[in-house]
$ cat run.tsv   # TSV, C-alpha atoms and all ligand atoms
chain	number	residue	atom	x	y	z
I	1	MET	CA	-19.46	-49.22	-89.47
I	2	SER	CA	-20.75	-46.30	-87.42
I	3	SER	CA	-19.29	-45.37	-84.03
I	4	ASN	CA	-22.44	-46.52	-82.26
I	5	THR	CA	-22.36	-49.86	-84.03
I	6	ARG	CA	-18.72	-50.24	-83.08
I	7	LEU	CA	-19.56	-49.58	-79.44
I	8	GLN	CA	-21.97	-52.48	-79.57
I	9	HIS	CA	-19.51	-54.71	-81.44
I	10	VAL	CA	-16.51	-54.55	-79.14
I	11	GLY	CA	-16.52	-57.29	-76.57
I	12	HIS	CA	-18.31	-59.59	-79.00
I	13	GLN	CA	-17.93	-63.27	-78.32
I	14	GLY	CA	-14.38	-64.42	-78.97
I	15	ASN	CA	-12.19	-62.31	-81.16
I	16	SER	CA	-13.00	-64.00	-84.43
I	17	GLY	CA	-14.05	-60.60	-85.77
I	18	GLY	CA	-10.41	-59.61	-85.41
I	19	THR	CA	-10.48	-56.55	-83.17
I	20	ASN	CA	-7.22	-54.62	-83.09
I	21	LEU	CA	-5.81	-52.15	-80.59
I	22	ALA	CA	-6.61	-49.08	-82.69
I	23	GLU	CA	-10.30	-50.01	-82.72
I	24	LEU	CA	-10.34	-50.39	-78.94
I	25	LEU	CA	-8.55	-47.08	-78.48
I	26	GLY	CA	-11.07	-45.54	-80.88
I	27	VAL	CA	-13.87	-46.67	-78.59
I	28	LEU	CA	-12.01	-45.29	-75.56
I	29	SER	CA	-11.66	-41.96	-77.38
I	30	LEU	CA	-15.44	-41.82	-77.92
I	31	ALA	CA	-16.03	-42.31	-74.20
I	32	THR	CA	-13.35	-39.72	-73.44
I	33	ASP	CA	-15.15	-37.20	-75.68
I	34	LEU	CA	-18.29	-37.57	-73.58
I	35	GLY	CA	-16.35	-37.05	-70.34
I	36	MET	CA	-14.81	-33.85	-71.75
I	37	GLY	CA	-18.14	-32.30	-72.69
I	38	GLN	CA	-17.44	-32.82	-76.38
I	39	PRO	CA	-19.58	-34.65	-78.94
I	40	MET	CA	-18.35	-38.11	-79.86
I	41	GLU	CA	-15.79	-38.20	-82.67
I	42	HIS	CA	-14.02	-35.04	-81.53
I	43	MET	CA	-10.87	-37.06	-80.88
I	44	LEU	CA	-11.30	-39.10	-84.07
I	45	ARG	CA	-11.51	-35.91	-86.13
I	46	GLN	CA	-8.56	-34.49	-84.19
I	47	CYS	CA	-6.66	-37.66	-85.10
I	48	LEU	CA	-7.39	-37.24	-88.81
I	49	ILE	CA	-6.41	-33.55	-88.75
I	50	ALA	CA	-3.11	-34.28	-86.99
I	51	LEU	CA	-2.37	-37.26	-89.19
I	52	ARG	CA	-3.05	-35.42	-92.46
I	53	LEU	CA	-1.02	-32.46	-91.30
I	54	SER	CA	1.84	-34.82	-90.47
I	55	GLU	CA	1.68	-36.21	-94.01
I	56	ARG	CA	1.75	-32.73	-95.51
I	57	MET	CA	4.71	-31.81	-93.27
I	58	GLY	CA	6.63	-34.86	-94.47
I	59	LEU	CA	6.86	-36.83	-91.22
I	60	ASP	CA	8.06	-40.38	-91.75
I	61	GLU	CA	5.95	-43.45	-91.15
I	62	SER	CA	7.32	-44.03	-87.67
I	63	ASP	CA	6.47	-40.50	-86.54
I	64	ARG	CA	3.04	-40.71	-88.16
I	65	GLY	CA	2.39	-43.84	-86.12
I	66	VAL	CA	3.21	-41.89	-82.97
I	67	VAL	CA	0.90	-39.06	-84.11
I	68	TYR	CA	-1.88	-41.57	-84.65
I	69	TYR	CA	-1.76	-43.17	-81.21
I	70	THR	CA	-1.01	-39.90	-79.42
I	71	SER	CA	-4.15	-38.42	-80.99
I	72	LEU	CA	-6.27	-41.29	-79.75
I	73	LEU	CA	-4.86	-41.12	-76.23
I	74	ALA	CA	-4.01	-37.46	-75.62
I	75	TRP	CA	-7.04	-36.56	-73.51
I	76	VAL	CA	-8.04	-39.85	-71.91
I	77	GLY	CA	-6.41	-38.73	-68.65
I	78	CYS	CA	-8.72	-35.71	-68.44
I	79	ASN	CA	-11.40	-37.90	-66.89
I	80	VAL	CA	-9.15	-39.68	-64.39
I	81	ASP	CA	-9.54	-36.90	-61.83
I	82	ALA	CA	-13.15	-35.98	-62.57
I	83	TYR	CA	-14.07	-36.51	-58.91
I	84	GLU	CA	-11.57	-33.87	-57.73
I	85	GLN	CA	-12.48	-31.55	-60.61
I	86	ALA	CA	-16.14	-31.71	-59.57
I	87	LYS	CA	-15.23	-31.25	-55.90
I	88	TRP	CA	-13.56	-27.90	-56.54
I	89	PHE	CA	-15.15	-26.65	-59.74
I	90	GLY	CA	-18.70	-28.01	-59.78
I	91	ASP	CA	-19.49	-28.95	-63.36
I	92	GLU	CA	-16.37	-30.66	-64.68
I	93	PHE	CA	-17.86	-31.08	-68.17
I	94	VAL	CA	-18.17	-27.30	-68.56
I	95	LEU	CA	-14.73	-26.80	-67.01
I	96	LYS	CA	-13.08	-29.05	-69.59
I	97	ALA	CA	-15.16	-27.93	-72.57
I	98	ASP	CA	-14.37	-24.26	-71.82
I	99	ALA	CA	-10.62	-24.89	-71.51
I	100	ARG	CA	-10.25	-25.03	-75.31
I	101	LEU	CA	-11.89	-21.62	-75.66
I	102	VAL	CA	-9.32	-19.90	-73.47
I	103	ASP	CA	-5.95	-18.61	-74.63
I	104	PHE	CA	-3.91	-19.18	-71.47
I	105	THR	CA	-1.12	-16.81	-72.52
I	106	GLY	CA	-0.26	-14.72	-69.46
I	107	PRO	CA	-1.63	-15.11	-65.92
I	108	ALA	CA	-4.86	-13.09	-66.34
I	109	PRO	CA	-6.78	-15.53	-68.59
I	110	ALA	CA	-5.85	-18.45	-66.33
I	111	MET	CA	-7.02	-16.52	-63.26
I	112	ARG	CA	-10.31	-15.57	-64.94
I	113	TYR	CA	-10.82	-19.18	-65.98
I	114	MET	CA	-10.19	-20.49	-62.44
I	115	VAL	CA	-12.34	-17.86	-60.72
I	116	GLY	CA	-15.11	-18.22	-63.29
I	117	HIS	CA	-15.39	-21.96	-62.77
I	118	PHE	CA	-14.53	-22.32	-59.11
I	119	ALA	CA	-17.44	-23.95	-57.22
I	120	ALA	CA	-19.68	-23.02	-60.16
I	121	GLY	CA	-23.38	-23.20	-59.43
I	122	LYS	CA	-23.02	-22.93	-55.64
I	123	PRO	CA	-24.21	-20.00	-53.47
I	124	VAL	CA	-21.75	-17.14	-52.92
I	125	LEU	CA	-21.05	-18.08	-49.29
I	126	GLU	CA	-20.39	-21.69	-50.26
I	127	ARG	CA	-18.05	-20.54	-53.05
I	128	ALA	CA	-16.18	-18.35	-50.55
I	129	ARG	CA	-15.88	-21.23	-48.05
I	130	LEU	CA	-14.56	-23.56	-50.74
I	131	ALA	CA	-12.15	-20.89	-51.98
I	132	LEU	CA	-10.66	-20.56	-48.48
I	133	ALA	CA	-10.42	-24.34	-48.15
I	134	PHE	CA	-8.73	-24.53	-51.54
I	135	LEU	CA	-6.20	-21.84	-50.58
I	136	ALA	CA	-5.62	-23.48	-47.19
I	137	GLY	CA	-4.55	-26.76	-48.68
I	138	GLY	CA	-6.94	-27.84	-51.38
I	139	HIS	CA	-4.49	-26.65	-54.02
I	140	ARG	CA	-2.49	-29.75	-53.10
I	141	ASP	CA	-5.45	-31.66	-54.51
I	142	GLY	CA	-4.61	-29.99	-57.82
I	143	GLU	CA	-1.05	-31.23	-57.69
I	144	VAL	CA	-2.19	-34.71	-56.79
I	145	MET	CA	-4.74	-34.57	-59.60
I	146	LEU	CA	-2.04	-33.94	-62.19
I	147	GLU	CA	0.25	-36.55	-60.70
I	148	ASN	CA	-2.45	-39.21	-60.66
I	149	HIS	CA	-3.59	-38.16	-64.09
I	150	TRP	CA	-0.25	-38.94	-65.71
I	151	ARG	CA	0.42	-41.99	-63.57
I	152	ALA	CA	-2.87	-43.57	-64.63
I	153	VAL	CA	-2.48	-42.75	-68.32
I	154	ASP	CA	1.11	-43.89	-68.46
I	155	ASP	CA	0.25	-47.10	-66.65
I	156	LEU	CA	-2.51	-47.71	-69.18
I	157	MET	CA	-0.14	-47.15	-72.12
I	158	LEU	CA	2.48	-49.41	-70.56
I	159	ARG	CA	-0.05	-52.20	-70.08
I	160	LEU	CA	-1.21	-51.80	-73.68
I	161	GLY	CA	2.36	-52.19	-74.90
I	162	LEU	CA	2.49	-48.80	-76.60
I	163	ALA	CA	5.84	-47.48	-77.79
I	164	GLN	CA	7.93	-45.17	-75.63
I	165	GLY	CA	7.52	-42.43	-78.25
I	166	VAL	CA	3.75	-42.50	-77.78
I	167	ARG	CA	4.08	-42.46	-73.99
I	168	ASP	CA	6.49	-39.51	-74.18
I	169	SER	CA	4.24	-37.60	-76.58
I	170	VAL	CA	1.10	-38.13	-74.52
I	171	GLY	CA	3.10	-36.94	-71.50
I	172	GLN	CA	3.53	-33.60	-73.30
I	173	THR	CA	-0.14	-33.09	-74.05
I	174	PHE	CA	-0.25	-29.85	-72.04
I	175	ALA	CA	3.10	-28.47	-73.19
I	176	ARG	CA	3.06	-25.07	-74.89
I	177	TRP	CA	5.38	-23.68	-77.54
I	178	ASP	CA	6.27	-20.74	-75.22
I	179	GLY	CA	7.30	-23.12	-72.42
I	180	LYS	CA	4.54	-21.98	-70.06
I	181	GLY	CA	2.53	-25.17	-70.09
I	182	VAL	CA	3.07	-28.49	-68.36
I	183	PRO	CA	5.79	-29.70	-67.99
I	184	ARG	CA	6.82	-26.13	-67.09
I	185	GLY	CA	9.75	-24.89	-69.17
I	186	LEU	CA	9.40	-27.45	-71.95
I	187	GLY	CA	8.89	-25.46	-75.13
I	188	GLY	CA	9.76	-24.92	-78.78
I	189	GLU	CA	11.26	-27.79	-80.70
I	190	ASP	CA	12.00	-29.63	-77.46
I	191	ILE	CA	8.32	-30.59	-77.57
I	192	LEU	CA	7.86	-33.72	-79.62
I	193	ILE	CA	6.26	-32.99	-82.97
I	194	PRO	CA	3.29	-35.35	-82.39
I	195	SER	CA	2.36	-33.35	-79.28
I	196	ARG	CA	2.60	-30.08	-81.22
I	197	LEU	CA	0.33	-31.42	-83.96
I	198	VAL	CA	-2.25	-32.86	-81.58
I	199	ASN	CA	-2.30	-29.66	-79.51
I	200	LEU	CA	-3.33	-27.64	-82.58
I	201	ALA	CA	-5.66	-30.29	-84.03
I	202	ASP	CA	-7.65	-30.48	-80.79
I	203	VAL	CA	-8.41	-26.76	-80.70
I	204	VAL	CA	-9.04	-26.14	-84.41
I	205	GLU	CA	-11.39	-29.14	-84.59
I	206	MET	CA	-13.58	-27.61	-81.91
I	207	PHE	CA	-13.50	-24.08	-83.34
I	208	HIS	CA	-14.26	-25.33	-86.85
I	209	ARG	CA	-17.14	-27.50	-85.65
I	210	THR	CA	-18.71	-24.81	-83.50
I	211	ALA	CA	-17.88	-21.59	-85.38
I	212	GLY	CA	-16.59	-22.46	-88.86
I	213	LEU	CA	-13.42	-22.33	-90.93
I	214	ASP	CA	-12.57	-18.67	-90.30
I	215	ALA	CA	-12.78	-19.19	-86.52
I	216	ALA	CA	-10.41	-22.16	-86.76
I	217	LEU	CA	-7.93	-20.15	-88.84
I	218	THR	CA	-8.19	-17.18	-86.48
I	219	VAL	CA	-7.58	-19.12	-83.27
I	220	ALA	CA	-4.60	-20.89	-84.85
I	221	ALA	CA	-3.08	-17.57	-85.93
I	222	GLN	CA	-3.79	-15.90	-82.56
I	223	ARG	CA	-2.00	-18.65	-80.62
I	224	ALA	CA	0.91	-19.18	-83.06
I	225	GLY	CA	4.15	-18.75	-81.12
I	226	THR	CA	2.44	-18.99	-77.73
I	227	GLN	CA	0.43	-22.20	-77.45
I	228	PHE	CA	1.15	-23.51	-80.94
I	229	ASP	CA	4.23	-24.19	-83.06
I	230	PRO	CA	4.23	-21.45	-85.76
I	231	ALA	CA	5.42	-23.94	-88.40
I	232	VAL	CA	2.52	-26.27	-87.62
I	233	VAL	CA	0.11	-23.33	-87.77
I	234	GLU	CA	1.54	-22.32	-91.15
I	235	ALA	CA	1.13	-25.84	-92.52
I	236	PHE	CA	-2.41	-25.97	-91.19
I	237	SER	CA	-3.43	-22.54	-92.49
I	238	GLY	CA	-2.33	-23.33	-96.02
I	239	GLU	CA	-4.37	-26.52	-96.13
I	240	ALA	CA	-7.25	-25.86	-93.73
I	241	ALA	CA	-10.09	-25.48	-96.22
I	242	ALA	CA	-9.23	-28.67	-98.09
I	243	LEU	CA	-8.47	-30.51	-94.89
I	244	PHE	CA	-11.83	-29.79	-93.26
I	245	ALA	CA	-13.70	-30.45	-96.52
I	246	GLU	CA	-12.02	-33.87	-96.63
I	247	LEU	CA	-13.09	-34.58	-93.06
I	248	ASP	CA	-16.71	-33.66	-93.67
I	249	ASP	CA	-16.91	-36.08	-96.57
I	250	VAL	CA	-15.81	-39.24	-94.77
I	251	ASN	CA	-17.13	-41.67	-92.21
I	252	CYS	CA	-14.89	-40.64	-89.37
I	253	TRP	CA	-14.59	-44.06	-87.74
I	254	ASP	CA	-13.73	-45.83	-90.98
I	255	ALA	CA	-11.31	-43.10	-92.00
I	256	VAL	CA	-9.38	-43.31	-88.72
I	257	MET	CA	-9.22	-47.09	-88.78
I	258	THR	CA	-7.98	-47.25	-92.37
I	259	ALA	CA	-5.53	-44.38	-91.78
I	260	ASN	CA	-3.55	-46.30	-89.16
I	261	PRO	CA	0.07	-46.02	-90.35
I	262	ALA	CA	1.11	-48.94	-88.15
I	263	SER	CA	0.20	-52.45	-89.16
I	264	ASP	CA	-1.81	-53.41	-86.08
I	265	SER	CA	-2.20	-57.13	-85.92
I	266	ARG	CA	-5.45	-58.60	-84.71
I	267	LEU	CA	-5.45	-59.24	-80.98
I	268	THR	CA	-5.42	-62.76	-79.67
I	269	ASP	CA	-8.04	-63.66	-77.08
I	270	ASP	CA	-5.48	-63.26	-74.28
I	271	GLU	CA	-4.39	-59.88	-75.63
I	272	LEU	CA	-8.00	-58.73	-75.90
I	273	ASP	CA	-8.64	-59.76	-72.29
I	274	ASN	CA	-5.52	-57.88	-71.22
I	275	VAL	CA	-6.66	-54.68	-72.97
I	276	LEU	CA	-10.17	-54.89	-71.54
I	277	GLU	CA	-8.80	-55.43	-68.01
I	278	ALA	CA	-6.53	-52.41	-68.47
I	279	PHE	CA	-9.51	-50.34	-69.63
I	280	ALA	CA	-11.57	-51.55	-66.65
I	281	ASP	CA	-8.93	-50.50	-64.11
I	282	PHE	CA	-8.39	-47.19	-65.90
I	283	VAL	CA	-12.08	-46.26	-66.03
I	284	ASP	CA	-12.55	-47.09	-62.34
I	285	VAL	CA	-9.90	-44.56	-61.31
I	286	LYS	CA	-12.38	-41.82	-62.22
I	287	SER	CA	-13.81	-41.87	-58.69
I	288	PRO	CA	-12.54	-43.17	-55.32
I	289	TYR	CA	-15.92	-44.90	-55.00
I	290	THR	CA	-15.34	-47.10	-58.06
I	291	ILE	CA	-11.76	-48.35	-57.63
I	292	GLY	CA	-11.81	-52.08	-58.42
I	293	HIS	CA	-15.53	-51.93	-59.28
I	294	SER	CA	-15.33	-53.23	-62.87
I	295	ARG	CA	-13.14	-56.21	-61.96
I	296	GLY	CA	-15.51	-57.02	-59.11
I	297	VAL	CA	-18.49	-56.89	-61.46
I	298	ALA	CA	-16.58	-59.06	-63.93
I	299	ASP	CA	-15.76	-61.70	-61.30
I	300	LEU	CA	-19.35	-61.82	-60.04
I	301	SER	CA	-20.76	-61.93	-63.57
I	302	GLU	CA	-18.39	-64.69	-64.60
I	303	ASP	CA	-19.39	-66.78	-61.55
I	304	ALA	CA	-23.06	-66.13	-62.24
I	305	ALA	CA	-22.66	-67.11	-65.90
I	306	ARG	CA	-21.04	-70.40	-64.90
I	307	ALA	CA	-23.72	-71.04	-62.27
I	308	CYS	CA	-26.35	-70.52	-64.98
I	309	GLY	CA	-24.69	-73.21	-67.10
I	310	LEU	CA	-23.56	-70.97	-69.94
I	311	ASN	CA	-21.01	-72.48	-72.31
I	312	PRO	CA	-17.35	-71.34	-71.95
I	313	SER	CA	-17.44	-68.86	-74.83
I	314	ASP	CA	-20.53	-67.17	-73.41
I	315	VAL	CA	-18.92	-67.03	-69.96
I	316	THR	CA	-16.00	-65.23	-71.62
I	317	LEU	CA	-18.38	-62.86	-73.36
I	318	VAL	CA	-20.15	-62.05	-70.08
I	319	ARG	CA	-16.82	-61.37	-68.33
I	320	ARG	CA	-15.62	-59.09	-71.14
I	321	ALA	CA	-18.87	-57.16	-71.20
I	322	ALA	CA	-18.67	-56.69	-67.42
I	323	LEU	CA	-15.11	-55.39	-67.62
I	324	VAL	CA	-16.15	-52.50	-69.87
I	325	HIS	CA	-19.71	-52.01	-68.65
I	326	ASP	CA	-18.85	-48.58	-67.21
I	327	LEU	CA	-16.74	-47.38	-70.13
I	328	THR	CA	-19.36	-44.98	-71.45
I	329	ASN	CA	-21.17	-44.48	-68.18
I	330	HIS	CA	-19.53	-41.18	-67.44
I	331	VAL	CA	-21.33	-40.30	-64.22
I	332	HIS	CA	-21.56	-36.57	-63.78
I	333	GLN	CA	-19.24	-36.27	-60.79
I	334	SER	CA	-20.51	-32.80	-59.91
I	335	GLN	CA	-23.82	-34.35	-58.84
I	336	VAL	CA	-21.99	-35.99	-55.92
I	337	PHE	CA	-21.32	-32.57	-54.41
I	338	ARG	CA	-24.62	-30.88	-55.18
I	339	ASN	CA	-26.52	-31.93	-52.09
Y	1	FE	FE	-20.87	-50.14	-62.77
$ encode --input "run.tsv" --output "structure tokens" --more "lines below"
Ligand SMILES: [Fe+2]
Amino acid sequence: MSSNTRLQHVGHQGNSGGTNLAELLGVLSLATDLGMGQPMEHMLRQCLIALRLSERMGLDESDRGVVYYTSLLAWVGCNVDAYEQAKWFGDEFVLKADARLVDFTGPAPAMRYMVGHFAAGKPVLERARLALAFLAGGHRDGEVMLENHWRAVDDLMLRLGLAQGVRDSVGQTFARWDGKGVPRGLGGEDILIPSRLVNLADVVEMFHRTAGLDAALTVAAQRAGTQFDPAVVEAFSGEAAALFAELDDVNCWDAVMTANPASDSRLTDDELDNVLEAFADFVDVKSPYTIGHSRGVADLSEDAARACGLNPSDVTLVRRAALVHDLTNHVHQSQVFRN
């Protein structure tokens, strides 16, 4: 089943098709890709790279399960604060897409990245005014962004019943081997191995897709010991050609779903409703204008479906569809601030 077909399938009447949590997270990862300025299946391919590396490095089944779910969830928080990103930086898609191209070792690259993207697309005077406002107190927005980012993602994982190991690993998504990431000071082998694998897989997937195998090998080597765990880089470098060739030969969606090391049981109807409500609340956090929007649409749609005389299973279908109707509608937040 292709990714697009799967997008149409989820939320289908009842759960007789037997949807499981991994499939729903797979759909969320596709939407997350779009919000990050990446093509769909970036996170699925990242998941396969991290998972296959974890097999080659001899991680046990439990750890591979954490790698699997961490890969599918690592970046979903990047869209939680899209409104604030657009407020300060203009085009948040470009901001996030460019982040993978930058080696943030040392203060200079980070400064160039910030200055290069700050109020992008606005006139010079407007950029200067926003810069002063940012320095005068807007930087607190940045702190709040990060705080809300992790609060929203962790709340989502808690509501989905994900293991503490997954929650801890996703919480280290921005950690660096040299300890200069977030959380600040967390480095080396104190970073959970799933986070170290996903960190590398994310970047090499993009470099391989956009510039080829040599570019992926080069960026891994350049950042070994700074952003990346040198042992993970070594394992990757020895297997990279075969690993990417494997990826290019498979249907990514099917490969990820069959690679799930955990034995996900099929969700009951109540569990499916719970996941879709959690997704609805999570997606609405993207903008202060949409908080509670999806639940409101679901309530209205459910009432309308009943008023139209639909049978109970169709009423359920309408409510579920309404809960996730904005999942892939990643409004370009920068447009809010353009006029
Ligand atoms: Fe909507």
$ residues_near_ligand --input "run.tsv" --ligand "ligand FE 1 (chain Y)" --cutoff "7 Å" --atoms "all atoms listed in the file" --output "list in words"
His293, Ser294, His325 and Asp326 of chain I
$ closest_residue --input "run.tsv" --among "I:Leu197, I:Ala304, I:Val204, I:Leu323" --to "I:Asn274" --atoms "only C-alpha atoms"
I:Leu323
$ atom_distance --input "run.tsv" --atom1 "atom CA of I:Asn199" --atom2 "atom CA of I:Phe228"
7.2 Å
$ residues_around --input "run.tsv" --residues "I:Leu267" --least-positions-apart "2" --cutoff "8 Å" --atoms "only C-alpha atoms" --output "short mmCIF file (atom, residue, chain, number, x, y, z; two decimals) with C-alpha atoms, in the coordinates of the input"
data_model
loop_
_atom_site.label_atom_id
_atom_site.label_comp_id
_atom_site.auth_asym_id
_atom_site.auth_seq_id
_atom_site.Cartn_x
_atom_site.Cartn_y
_atom_site.Cartn_z
CA ASN I 15 -12.19 -62.31 -81.16
CA GLY I 18 -10.41 -59.61 -85.41
CA THR I 19 -10.48 -56.55 -83.17
CA ASN I 20 -7.22 -54.62 -83.09
CA LEU I 21 -5.81 -52.15 -80.59
CA SER I 265 -2.20 -57.13 -85.92
CA ASP I 269 -8.04 -63.66 -77.08
CA ASP I 270 -5.48 -63.26 -74.28
CA GLU I 271 -4.39 -59.88 -75.63
CA LEU I 272 -8.00 -58.73 -75.90
#
$ residues_near_point --input "run.tsv" --point "(5.6, -32.4, -89.9)" --cutoff "9 Å" --atoms "all atoms listed in the file" --output "list in words"
Leu53, Ser54, Glu55, Arg56, Met57, Gly58, Leu59, Asp60, Asp63, Arg64, Ile193, Pro194, Leu197, Ala231, Val232 and Ala235 of chain I
$ closest_residue --input "run.tsv" --among "I:Asp214, I:Asp303, I:Asp248, I:Asp229" --to "I:Ala201" --atoms "only C-alpha atoms"
I:Asp229
$ closest_residue --input "run.tsv" --among "I:Val66, I:Cys78, I:Ala255, I:Leu156" --to "I:Glu41" --atoms "only C-alpha atoms"
I:Ala255
$ closest_residue --input "run.tsv" --among "I:Ala278, I:Val76, I:Val67, I:Cys308" --to "I:Leu192" --atoms "only C-alpha atoms"
I:Val67
$ atom_distance --input "run.tsv" --atom1 "atom CA of I:Arg196" --atom2 "atom CA of I:Thr328"
28.3 Å
$ closest_residue --input "run.tsv" --among "I:Thr226, I:Thr316, I:Gln164, I:Thr290" --to "I:Asp178" --atoms "all atoms listed in the file"
I:Thr226
$ residues_around --input "run.tsv" --residues "I:Pro261" --least-positions-apart "5" --cutoff "9 Å" --atoms "only C-alpha atoms" --output "VMD selection string"
chain I and resid 61 to 62 64 to 65 68
$ closest_residue --input "run.tsv" --among "I:Arg319, I:Arg266, I:His149, I:Arg52" --to "I:Thr173" --atoms "all atoms listed in the file"
I:His149
$ atom_distance --input "run.tsv" --atom1 "atom CA of I:Asn260" --atom2 "atom CA of I:Tyr69"
8.7 Å
$ axis_aligned_box --input "run.tsv" --around "stretch 190-207 of chain I" --padding-each-side "4 Å" --output "AutoDock Vina command-line options"
--center_x -0.8 --center_y -29.7 --center_z -81.0 --size_x 33.6 --size_y 19.3 --size_z 15.1
$ residues_around --input "run.tsv" --residues "I:Ile191" --least-positions-apart "5" --cutoff "12 Å" --atoms "all atoms listed in the file" --output "list in words"
Gly165, Asp168, Ser169, Val170, Gly171, Gln172, Thr173, Phe174, Ala175, Arg176, Trp177, Asp178, Gly179, Gly181, Val182, Pro183, Arg184, Gly185, Leu186, Arg196, Leu197, Val198, Asn199, Gln227, Phe228 and Asp229 of chain I
